[in-house]
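Structure, as structure tokens:
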Amino acid sequence: MRSAILAFAAGAAWIQTQSALPEPVVLAACSGGAIAASLCLRGIVRMLVAGLLLGACWAALLAHLALHESLPSTDEGRDIAITGAIASLPHRFDGGVRFQFDVAQVDTPGATVPPKIILSWYGATAADPSFGHPGERWRLVVRLQRPHGNANPHGFDYEAWLLGQGIRATGYVRPAGQRNERLDAWTPGAGYAVERARGWLRARILAVLDGEPYAGVIVALVIGDQRGIDQDDWDVFNRTGISHLVSISGLHITMLAGLAAWAMSWLWRRSFWTAANLPLRLPAQKAAALAGATVALLYVLLAGFGVPAQRTLYMLAVVALALWTGRIASMSHVLCLALGVVVLRDPWAMLWPGFWLSFGAVAAILYACSGRLGVPTRGWRAGLAVAARTQWAVTLGLAPLTLLLFGQVSLVSPIANAVAIPVISLFVTPLALVGSVLPSPLAAVVLGIAHLAIVWLVWPLQHLSAPAFAVWTAPAPAPWILVLALAGTAWMLAPRGWPQRWVGLAAWTPLLTQLPSAPMAGQFDVTAFDVGQGMALLVETRHHRLLYDTGPLYAPGASGATRVILPYLRGRGIGRLDALVISHSDLDHVGGAAAVLGTLRVGQMISSLPHGHGLLRKTTSPGRCSAGQTWSWDGVRFEMLGPDVASYANPRLKSNARSCVLRISAGGKAILLAGDIEAAQEAALLRTDAKRLRADVLLAPHHGSGTSSSAAFLSAVGPQLGIFQVGHRNRYRHPQKAVYARYGAMGIARLRTDERGAVTLSFGPGVAVATYRATHARYWHGR
């Protein structure tokens with residue numbers, strides 16, 4: 001059975017790596033092959049083959065059904081009237097609110113809208129705190145688009161997340177006056193009732209803890225909504241390795257279910273002395289199992305049904321069922337059954353780190369403690385020994401996987417978890433749960449104590465996370481390095497009696513000694529990130545790295561740096577930049593600079609920022625870019641072609657006009673990064689020295705706006721390739737059709753990051769070009 005479940009999961013995982021789904025005819029053939037395998041083959045081979053085929057067929061079938069409900073391209077970008085209900089807990093942001101919406105009826109003739117969508121509503125109505133409760137029925141006028149997200153190495157795949165949520169369109173509510181109206185305050189439905197309860201608890205906690213810095217943490221522990229936690233706090237939690245505790249984790253669910261089971265057992269047994277005589281009707285053990293499983297289910301529903309919560313719920317349900325039926329279930333069987341149920345109902349769950357870390361942690365504990373679980377422990381020393389062994393198993397067992405998924409491992413995690421686990425799991429979480437439902441005077445006291453405990457906990461965690469050595473950063477390991485490290489881990493965590501465990505550390509040698517990849521001397525690589533409507537490129541030589549612009553600011557605490565650049569650098573094992581060039585002060589270029597300067601070691605910042613700009617105070621070595629600056633790194637030449645020094649004395653110039661124009665060349669090949677210069681600056685560069693503009697690749701000035709990329713400028717540069725860093729369906733309509741056509745008419749190949757994802761260029765003897773959506777194509781990506 002365990003082999004069949006693991007094979008089923010492997011088959012479903014294989015589907016998630018494919019660029020296209022098998023056709024229905026192929027799925028039917030695979031299903032027939034699974035049946036034939038179960039009849040013709042024997043033993044474990046039969047289970048493996050049948051499980052693989054069934055897993056692949058099941059995942060592909062669900063994917064076909066999900067993709068079938070996508071928004072037609074003909075309905076993108078037009079006003080559509082719909083009627084339906086708010087289906088999720090609304091998330092408020094500056095200027096609006098975002099929520100899931102269940103579409104019950106499409107009121108615009110000829111339009112087709114998927115049954116589940118995500119909407120943003122901007123404006124005063126959306127900012128009203130009384131607006132947008134789950135279950136409300138609304139008639140809205142919306143403008144939608146097909147699922148689309150940024151596509152970058154080591155980045156979050158928003159399109160995959162939308163597919164897993166069953167959402168096949170996103171959009172926003174149009175300002176349509178009375179055409180947008182609430183029809184009913186409540187729509188019957190179990191899901192709406194759960195979301196309404198979550199909203200009530202969140203509102204109550206935030207009202208009691210109004211203005212407190214860690215109110216969002218309390219909300220996360222009670223209902224699993226982590227969106228209220230500040231990014232600075234997340235940095236501390238991630239660097240100390242306790243982020244798994246700042247949510248409804250498996251540990252919290254197990255603790256609460258165990259408490260409910262113990263209470264039910266205690267009460268049930270003592271009912272023998274009443275007239276009820278309940279133990280004679282149902283054994284206390286079964287009543288306790290039912291109570292524990294029920295409480296776990298309710299808590300998991302409040303948590304939003306995440307993968308770690310699902311895993312715990314299914315494991316507890318299997319244990320409860322085993323107690324009811326009188327069967328003894330081994331923990332490995334329980335874990336595999338939980339795995340099978342998770343993959344069966346959500347094959348996309350395995351795309352996310354929570355899936356692997358959740359099941360990996362339990363598997364590591366079971367493996368490391370096998371042969372010890374039956375050994376009785378007495379006294380506090382024995383209990384500490386068990387806790388230490390468990391923490392050691394989780395830390396060591398998940399280290400290679402954590403490095404693969406996040407590019408870093410917290411070295412202070414064992415110390416932080418030794419303190420945080422008892423404080424959060426045994427003290428803060430119970431108080432938060434009880435306080436959220438108590439009457440107001442008592443709620444303020446209980447929630448206040450829980451919040452104070454978090455304040456006291458975070459203070460030492462901040463000091464623990466501050467040193468650079470708190471986190472080990474390394475490149476995401478190659479598959480063979482990961483497999484070797486996992487084998488070594490299994491050796492080191494082997495059960496009692498296994499000889500020479502320390503030998504397993506030798507298998508970690510490639511993992512511990514790997515370095516970030518780099519081009520050869522005299523060559524350089526450029527990565528143009530897909531950051532939406534903004535600009536950000538990483539330039540790498542043999543021993544140096546330069547970041548040109550940092551992408552836009554999406555929302556407070558969220559930018560092109562936090563969502564794209566920093567995850568990429570962590571995945572590559574890069575913790576330092578030799579130079580940061582900020583072309584100019586527009587927010588789509590400078591939006592992520594504060595996050596970069598606050599996270600990485602930056603040798604020098606060069607910019608055209610005006611005097612007094614806040615970013616200049618965040619670096620110890622600010623410098624101005626100006627024409628004539630040159631330097632060389634590892635045989636690669638860097639030339640600053642603009643702006644002219646005199647431009648800084650002209651207060652009437654727009655920031656675009658002072659963009660840092662950087663030319664990078666080696667081995668007869670070059671790229672020109674032109675920032676947001678416009679036609680006037682292009683003409684000035686032509687007058688200064690047109691020959692210095694020659695480049696094989698051009699980053700389209702001002703994202704391909706109608707005021708840039710003049711024919712004379714393009715002729716002088718003479719690029720073979722033009723790169724347009726633009727946002728999908730951006731409001732500026734960049735690149736302009738006429739400008740884009742001009743590149744094509746001049747024989748210049750064109751790549752748009754919104755269509756191709758991140759673009760990687762390797763300048764060696766030639767120029768090798770790769771796009772992320774081509775090299776990492778998945779069946780859910782829009783074409």
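Just so we're on the same page: first chain in the structure tokens is A, next is B, and so on; residues restart at 1 for each chain, and ligands are numbered from 1 in the order they show up.
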Write out as a PDB file with N, CA, C and O atoms, in the first residue's frame the residues lying within 9 Å of His451 (chain A), counting only C-alpha atoms and excluding same-chain residues fewer than 6 positions away.
```pdb
ATOM      1  N   LEU A 209      -6.745  44.370  19.968  1.00  0.00           N
ATOM      2  CA  LEU A 209      -5.318  44.695  19.922  1.00  0.00           C
ATOM      3  C   LEU A 209      -5.039  45.838  18.950  1.00  0.00           C
ATOM      4  O   LEU A 209      -4.032  45.836  18.239  1.00  0.00           O
ATOM      5  N   GLU A 212      -1.448  47.408  18.136  1.00  0.00           N
ATOM      6  CA  GLU A 212      -0.346  46.622  18.691  1.00  0.00           C
ATOM      7  C   GLU A 212       0.497  46.045  17.553  1.00  0.00           C
ATOM      8  O   GLU A 212      -0.030  45.614  16.517  1.00  0.00           O
ATOM      9  N   PRO A 213       1.819  45.992  17.721  1.00  0.00           N
ATOM     10  CA  PRO A 213       2.692  45.617  16.593  1.00  0.00           C
ATOM     11  C   PRO A 213       2.546  44.167  16.137  1.00  0.00           C
ATOM     12  O   PRO A 213       2.817  43.868  14.977  1.00  0.00           O
ATOM     13  N   TYR A 214       2.136  43.259  17.038  1.00  0.00           N
ATOM     14  CA  TYR A 214       2.081  41.843  16.671  1.00  0.00           C
ATOM     15  C   TYR A 214       0.655  41.305  16.662  1.00  0.00           C
ATOM     16  O   TYR A 214       0.437  40.099  16.819  1.00  0.00           O
ATOM     17  N   ALA A 215      -0.310  42.205  16.445  1.00  0.00           N
ATOM     18  CA  ALA A 215      -1.694  41.752  16.314  1.00  0.00           C
ATOM     19  C   ALA A 215      -1.837  40.804  15.127  1.00  0.00           C
ATOM     20  O   ALA A 215      -2.603  39.836  15.174  1.00  0.00           O
ATOM     21  N   VAL A 217       0.290  38.637  14.130  1.00  0.00           N
ATOM     22  CA  VAL A 217       0.756  37.306  14.523  1.00  0.00           C
ATOM     23  C   VAL A 217      -0.347  36.558  15.268  1.00  0.00           C
ATOM     24  O   VAL A 217      -0.560  35.352  15.049  1.00  0.00           O
ATOM     25  N   ILE A 218      -1.069  37.250  16.144  1.00  0.00           N
ATOM     26  CA  ILE A 218      -2.187  36.627  16.854  1.00  0.00           C
ATOM     27  C   ILE A 218      -3.252  36.175  15.868  1.00  0.00           C
ATOM     28  O   ILE A 218      -3.793  35.067  15.973  1.00  0.00           O
ATOM     29  N   VAL A 428       1.138  30.899  23.933  1.00  0.00           N
ATOM     30  CA  VAL A 428       0.513  31.961  23.153  1.00  0.00           C
ATOM     31  C   VAL A 428      -0.701  31.453  22.378  1.00  0.00           C
ATOM     32  O   VAL A 428      -1.777  32.077  22.403  1.00  0.00           O
ATOM     33  N   ALA A 432      -4.453  32.787  22.647  1.00  0.00           N
ATOM     34  CA  ALA A 432      -5.029  33.488  21.502  1.00  0.00           C
ATOM     35  C   ALA A 432      -6.370  32.887  21.105  1.00  0.00           C
ATOM     36  O   ALA A 432      -7.334  33.613  20.814  1.00  0.00           O
TER      37      ALA A 432
END
```
- Query: Could you pull the residues within 9 Å of Ala320 (chain A), counting only C-alpha atoms, minus those fewer than 2 positions along the same chain, as a PyMOL selection string?
  - Reply: chain A and resi 286+288-290+292-293+315-318+322-325
Please produce a file of the residues just selected, as a compact mmCIF listing (two decimals), in the first residue's frame, where the atoms kept are N, CA, C and O atoms.
```txt
# COMPACT_ATOMS: atom_id res chain seq x y z
N LYS A 286 -12.68 5.78 22.27
CA LYS A 286 -13.32 6.15 21.00
C LYS A 286 -13.93 7.54 21.07
O LYS A 286 -13.85 8.32 20.11
N ALA A 288 -12.87 9.98 22.89
CA ALA A 288 -11.75 10.93 22.85
C ALA A 288 -11.22 11.09 21.43
O ALA A 288 -10.90 12.21 20.99
N ALA A 289 -11.11 9.98 20.70
CA ALA A 289 -10.63 10.06 19.32
C ALA A 289 -11.56 10.90 18.46
O ALA A 289 -11.12 11.72 17.63
N LEU A 290 -12.88 10.72 18.65
CA LEU A 290 -13.85 11.49 17.88
C LEU A 290 -13.77 12.98 18.22
O LEU A 290 -13.80 13.83 17.33
N GLY A 292 -11.13 14.63 19.44
CA GLY A 292 -9.89 15.17 18.91
C GLY A 292 -9.97 15.43 17.42
O GLY A 292 -9.53 16.48 16.93
N ALA A 293 -10.52 14.47 16.66
CA ALA A 293 -10.62 14.63 15.21
C ALA A 293 -11.57 15.77 14.84
O ALA A 293 -11.31 16.54 13.90
N MET A 315 -3.72 12.74 9.12
CA MET A 315 -3.03 11.81 10.00
C MET A 315 -3.84 11.55 11.27
O MET A 315 -3.98 10.41 11.71
N LEU A 316 -4.37 12.60 11.85
CA LEU A 316 -5.19 12.43 13.04
C LEU A 316 -6.46 11.64 12.73
O LEU A 316 -6.91 10.82 13.55
N ALA A 317 -7.04 11.89 11.54
CA ALA A 317 -8.24 11.15 11.16
C ALA A 317 -7.94 9.66 11.00
O ALA A 317 -8.74 8.80 11.41
N VAL A 318 -6.78 9.33 10.41
CA VAL A 318 -6.41 7.92 10.25
C VAL A 318 -6.20 7.27 11.61
O VAL A 318 -6.64 6.13 11.86
N ALA A 322 -8.35 4.23 13.15
CA ALA A 322 -7.72 3.01 13.63
C ALA A 322 -8.19 2.66 15.04
O ALA A 322 -8.42 1.49 15.37
N LEU A 323 -8.34 3.67 15.88
CA LEU A 323 -8.84 3.42 17.24
C LEU A 323 -10.29 2.94 17.22
O LEU A 323 -10.67 2.06 18.00
N TRP A 324 -11.07 3.50 16.34
CA TRP A 324 -12.48 3.10 16.27
C TRP A 324 -12.63 1.67 15.75
O TRP A 324 -13.50 0.93 16.21
N THR A 325 -11.81 1.29 14.80
CA THR A 325 -11.94 -0.04 14.20
C THR A 325 -11.11 -1.09 14.91
O THR A 325 -11.18 -2.27 14.56
```
Open item on the list: To test your reading of the structure, identify every residue in region 485-573 of chain A that backbone DSSP assigns to helix (DSSP H, G or I), and report it as JSON, numbers by chain.
Closed with: {"A": [485, 486, 487, 488, 489, 490, 491, 492, 501, 502, 503, 504, 505, 506, 507, 508, 509, 510, 511, 512, 513, 560, 561, 562, 563, 564, 565, 566, 567, 568, 569, 570, 571, 572]}
- Item | Residues near Thr619 (chain A), cut-off 12 Å, only C-alpha atoms, skip fewer than 6 positions along chain, as a list in words | Ala579, Leu580, Ala593, Ala594, Val596, Leu597, Gly598, Thr599, Leu600, Arg601, Val602, Gly603, Gln604, Met605, Ile606, Ser607 and His613 of chain A
With N, CA and C atoms retained, export the selected residues as a JSON list (two decimals), in the first residue's frame.
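This went into selection.json:
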```json
[["chain", "number", "residue", "atom", "x", "y", "z"],
["A", 579, "ALA", "N", 28.23, 46.61, -7.02],
["A", 579, "ALA", "CA", 27.70, 47.94, -7.36],
["A", 579, "ALA", "C", 26.20, 47.83, -7.60],
["A", 580, "LEU", "N", 25.52, 48.89, -7.21],
["A", 580, "LEU", "CA", 24.10, 49.05, -7.47],
["A", 580, "LEU", "C", 23.92, 50.35, -8.23],
["A", 593, "ALA", "N", 14.89, 49.33, -4.11],
["A", 593, "ALA", "CA", 16.26, 49.66, -3.69],
["A", 593, "ALA", "C", 16.43, 49.57, -2.18],
["A", 594, "ALA", "N", 15.44, 50.04, -1.41],
["A", 594, "ALA", "CA", 15.57, 49.99, 0.05],
["A", 594, "ALA", "C", 15.70, 48.55, 0.53],
["A", 596, "VAL", "N", 16.93, 46.01, -1.19],
["A", 596, "VAL", "CA", 18.25, 45.52, -1.60],
["A", 596, "VAL", "C", 19.32, 46.02, -0.63],
["A", 597, "LEU", "N", 19.30, 47.31, -0.34],
["A", 597, "LEU", "CA", 20.31, 47.89, 0.55],
["A", 597, "LEU", "C", 20.17, 47.36, 1.98],
["A", 598, "GLY", "N", 18.95, 47.03, 2.38],
["A", 598, "GLY", "CA", 18.74, 46.52, 3.72],
["A", 598, "GLY", "C", 19.03, 45.05, 3.89],
["A", 599, "THR", "N", 19.16, 44.33, 2.78],
["A", 599, "THR", "CA", 19.35, 42.87, 2.84],
["A", 599, "THR", "C", 20.74, 42.45, 2.43],
["A", 600, "LEU", "N", 21.29, 43.08, 1.39],
["A", 600, "LEU", "CA", 22.57, 42.65, 0.82],
["A", 600, "LEU", "C", 23.69, 43.60, 1.22],
["A", 601, "ARG", "N", 24.90, 43.09, 1.13],
["A", 601, "ARG", "CA", 26.08, 43.96, 1.24],
["A", 601, "ARG", "C", 26.34, 44.56, -0.14],
["A", 602, "VAL", "N", 26.31, 45.87, -0.21],
["A", 602, "VAL", "CA", 26.47, 46.58, -1.49],
["A", 602, "VAL", "C", 27.74, 47.40, -1.43],
["A", 603, "GLY", "N", 28.65, 47.16, -2.37],
["A", 603, "GLY", "CA", 29.92, 47.88, -2.37],
["A", 603, "GLY", "C", 29.75, 49.36, -2.62],
["A", 604, "GLN", "N", 29.02, 49.73, -3.67],
["A", 604, "GLN", "CA", 28.83, 51.14, -4.00],
["A", 604, "GLN", "C", 27.50, 51.32, -4.70],
["A", 605, "MET", "N", 26.83, 52.42, -4.40],
["A", 605, "MET", "CA", 25.60, 52.77, -5.12],
["A", 605, "MET", "C", 25.88, 53.97, -6.00],
["A", 606, "ILE", "N", 25.59, 53.83, -7.30],
["A", 606, "ILE", "CA", 25.76, 54.90, -8.27],
["A", 606, "ILE", "C", 24.38, 55.25, -8.81],
["A", 607, "SER", "N", 24.03, 56.52, -8.80],
["A", 607, "SER", "CA", 22.67, 56.89, -9.20],
["A", 607, "SER", "C", 22.63, 58.31, -9.70],
["A", 613, "HIS", "N", 17.62, 62.70, -1.31],
["A", 613, "HIS", "CA", 16.81, 61.49, -1.49],
["A", 613, "HIS", "C", 17.11, 60.51, -0.36]]
```
For this session: Quick one: everything within 12 Å of Ala388 (chain A), counting only C-alpha atoms, minus sequence neighbours fewer than 5 positions away in the same chain. Send it as a list in words.
Result: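 Contacts, with the query itself left out: Ile365, Ala368, Cys369, Arg381, Ala382, Gly383, Ala393, Val394, Thr395, Leu396, Pro414, Ile415, Asn417, Ala418 and Val419 of chain A.
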### Task
Considering only C-alpha atoms, state which residue in the set A:Ala349, A:Val307, A:Leu587, A:Val437 is at the smallest distance from Ala59 (chain A).
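Answer, going by the shortest atom-to-atom distance: A:Ala349.
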- Message: Using only C-alpha atoms, which protein or nucleic acid residues come within 10 Å of region 771-776 of chain A? Drop anything in the same chain fewer than 5 positions from it, and give the result as a PyMOL selection string.
- Response: chain A and resi 17-19+150-153+527-530+751-761+781-783
Worksheet item: Any idea what's packed within 12 Å of Pro90 (chain A), counting only C-alpha atoms, ignoring anything in its chain fewer than 3 positions away? Could you give it as a PyMOL selection string?
Response: chain A and resi 86-87+93+96-101+118-121+126-136+195-196+198-200+202-203+225+227
* To do: Could you tell me how far CA of Leu699 (chain A) lies from CA of Ser608 (chain A), in Å and to one decimal?
  =>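 These two atoms are separated by 18.3 Å.
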Q: Go ahead and compute the interatomic distance for CA of Val142 (chain A) and CA of Ser73 (chain A), in Å to one decimal.
A: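 So the answer is 15.1 Å.
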